[in-house]
Amino acid sequence: MVKLNKIYTRTGDDGTTGLVDGSRRSKADARMHAIGEVDEANSALGIAIAALERDGGDTELTAGLRRIQNDLFDLGADIATPGQDFTPGEMSLRIVQPQVDWLEAAIDKANDHLEPLASFILPGGSEAAAAMHLARAVARRAERALVSAAAGEAINPLAMTYLNRLSDYLFVLCRLINKDRGGDILWVPGASR
């Protein structure tokens, strides 16, 4: 369990931050950028969960989303652990295949309740679905940031897979949420010409 007694340490005042191995990086470093994007995706997901709960969303779905929020903290810790050994250990929290498998099973389960897509859909619909679309878009941005970081140094491949599956799952959830709330808003190509 993490215990934080003091929130400010002053160690980042020089524009650097610490990684799990004790090394320091610029806060503008690609790895740090990816960690920040994952944090933002987690925050956007929190807003989507709150909107879903306000809208009377089911507790099984929100429990799964809270699980994902926890996984996103694991993901942040994974990204903050440099090196080429992606085996989880006492001092290295890594995204593992069962976390990806859980997302894939959740995608399949949600998709079982949906008709196949006949058109692209616009982000929106109910408040809960609109918030989930935003979380999905932020998760995609986090994935791009992680891919960018991986271009310069070793990143756990399962971390990238997890983010890819996450945005897929959030997309399916948007459709599932809208299914009982008026349906998806379909894109009409060239509608305003």
# chains A, B, ... in the order shown; residues from 1 in each chain; ligands from 1
>>> select_by_dssp(residues="region 87-140 of chain A", states="alpha helix (DSSP H)", output="tab-separated table (two decimals) with C-alpha atoms, in the first residue's frame")
chain	number	residue	atom	x	y	z
A	97	GLN	CA	-1.90	-10.66	-20.00
A	98	PRO	CA	-4.86	-11.39	-17.65
A	99	GLN	CA	-5.60	-7.64	-17.51
A	100	VAL	CA	-5.75	-7.53	-21.33
A	101	ASP	CA	-7.80	-10.74	-21.37
A	102	TRP	CA	-10.33	-9.22	-18.97
A	103	LEU	CA	-10.80	-6.25	-21.30
A	104	GLU	CA	-11.23	-8.51	-24.34
A	105	ALA	CA	-13.86	-10.59	-22.51
A	106	ALA	CA	-15.65	-7.40	-21.44
A	107	ILE	CA	-15.66	-6.15	-25.05
A	108	ASP	CA	-17.14	-9.43	-26.27
A	109	LYS	CA	-19.77	-9.45	-23.51
A	110	ALA	CA	-20.85	-5.86	-24.25
A	111	ASN	CA	-20.81	-6.46	-28.01
A	127	GLU	CA	-24.61	12.51	-21.01
A	128	ALA	CA	-23.04	9.26	-19.80
A	129	ALA	CA	-22.20	8.13	-23.34
A	130	ALA	CA	-20.81	11.55	-24.26
A	131	ALA	CA	-18.54	11.47	-21.20
A	132	MET	CA	-17.47	7.92	-22.10
A	133	HIS	CA	-16.68	9.06	-25.66
A	134	LEU	CA	-14.40	11.72	-24.19
A	135	ALA	CA	-12.69	9.12	-21.99
A	136	ARG	CA	-12.27	6.93	-25.10
A	137	ALA	CA	-10.67	9.77	-27.05
A	138	VAL	CA	-8.30	10.58	-24.18
A	139	ALA	CA	-7.38	6.87	-23.91
A	140	ARG	CA	-6.52	6.92	-27.65
>>> residues_around(residues="Leu65 (chain A)", least_positions_apart="4", cutoff="10 Å", atoms="only C-alpha atoms", output="PyMOL selection string")
chain A and resi 42+45-46+48-49+59-61+69-71+170
>>> closest_atom_pairs(of="region 89-157 of chain A", to="region 14-33 of chain A", cutoff="7 Å", atoms="only C-alpha atoms", output="CSV")
residue,atom,partner,partner_atom,distance
A:Ala145,CA,A:His33,CA,6.7
A:Ser148,CA,A:Ala30,CA,6.9
A:Ala149,CA,A:Ala30,CA,4.9
>>> select_by_dssp(residues="chain A", states="strand (DSSP E)", output="ChimeraX atom specification")
/A:16-18,24-26,121-122,185-186
>>> residues_around(residues="Leu122 (chain A)", least_positions_apart="4", cutoff="8 Å", atoms="only C-alpha atoms", output="compact mmCIF listing (two decimals) with N, CA, C and O atoms, in the first residue's frame")
# COMPACT_ATOMS: atom_id res chain seq x y z
N ASP A 184 -27.53 5.45 -30.73
CA ASP A 184 -26.36 6.20 -31.21
C ASP A 184 -26.81 7.30 -32.17
O ASP A 184 -27.86 7.20 -32.80
N ILE A 185 -25.98 8.31 -32.27
CA ILE A 185 -26.20 9.36 -33.27
C ILE A 185 -25.32 9.02 -34.46
O ILE A 185 -24.08 8.98 -34.33
N LEU A 186 -25.92 8.74 -35.58
CA LEU A 186 -25.15 8.30 -36.74
C LEU A 186 -24.58 9.46 -37.52
O LEU A 186 -25.20 10.53 -37.65
N TRP A 187 -23.40 9.23 -38.05
CA TRP A 187 -22.76 10.21 -38.93
C TRP A 187 -23.48 10.16 -40.29
O TRP A 187 -23.71 9.08 -40.84
>>> atom_distance(atom1="CA of Asp180 (chain A)", atom2="CA of Gly64 (chain A)")
18.9 Å
>>> closest_residue(among="A:Gly190, A:Gly56, A:Gly183, A:Pro82", to="Gly124 (chain A)", atoms="only C-alpha atoms")
A:Gly183
>>> atom_distance(atom1="CA of Asp55 (chain A)", atom2="CA of Ala41 (chain A)")
20.9 Å
>>> atom_distance(atom1="CA of Leu93 (chain A)", atom2="CA of Ala154 (chain A)")
15.3 Å
>>> closest_residue(among="A:Val147, A:Phe73, A:Asn156, A:Ala63", to="Asp85 (chain A)", atoms="only C-alpha atoms")
A:Asn156
>>> closest_residue(among="A:Ala142, A:Ile177, A:Ala151, A:Ile35", to="Asn164 (chain A)", atoms="only C-alpha atoms")
A:Ala142
>>> residues_around(residues="Gly76 (chain A)", least_positions_apart="5", cutoff="9 Å", atoms="only C-alpha atoms", output="ChimeraX atom specification")
/A:34-36,38-39,71,81
>>> write_last_selection(atoms="C-alpha atoms", output="mmCIF file, in the first residue's frame")
data_model
loop_
_atom_site.group_PDB
_atom_site.id
_atom_site.type_symbol
_atom_site.label_atom_id
_atom_site.label_comp_id
_atom_site.auth_asym_id
_atom_site.auth_seq_id
_atom_site.Cartn_x
_atom_site.Cartn_y
_atom_site.Cartn_z
ATOM 1 C CA ALA A 34 2.646 9.106 -21.604
ATOM 2 C CA ILE A 35 2.216 8.777 -17.834
ATOM 3 C CA GLY A 36 0.396 12.114 -17.790
ATOM 4 C CA VAL A 38 -2.775 7.844 -18.809
ATOM 5 C CA ASP A 39 -3.578 9.912 -15.712
ATOM 6 C CA ASP A 71 -5.516 -0.954 -13.838
ATOM 7 C CA THR A 81 9.498 1.630 -14.446
#
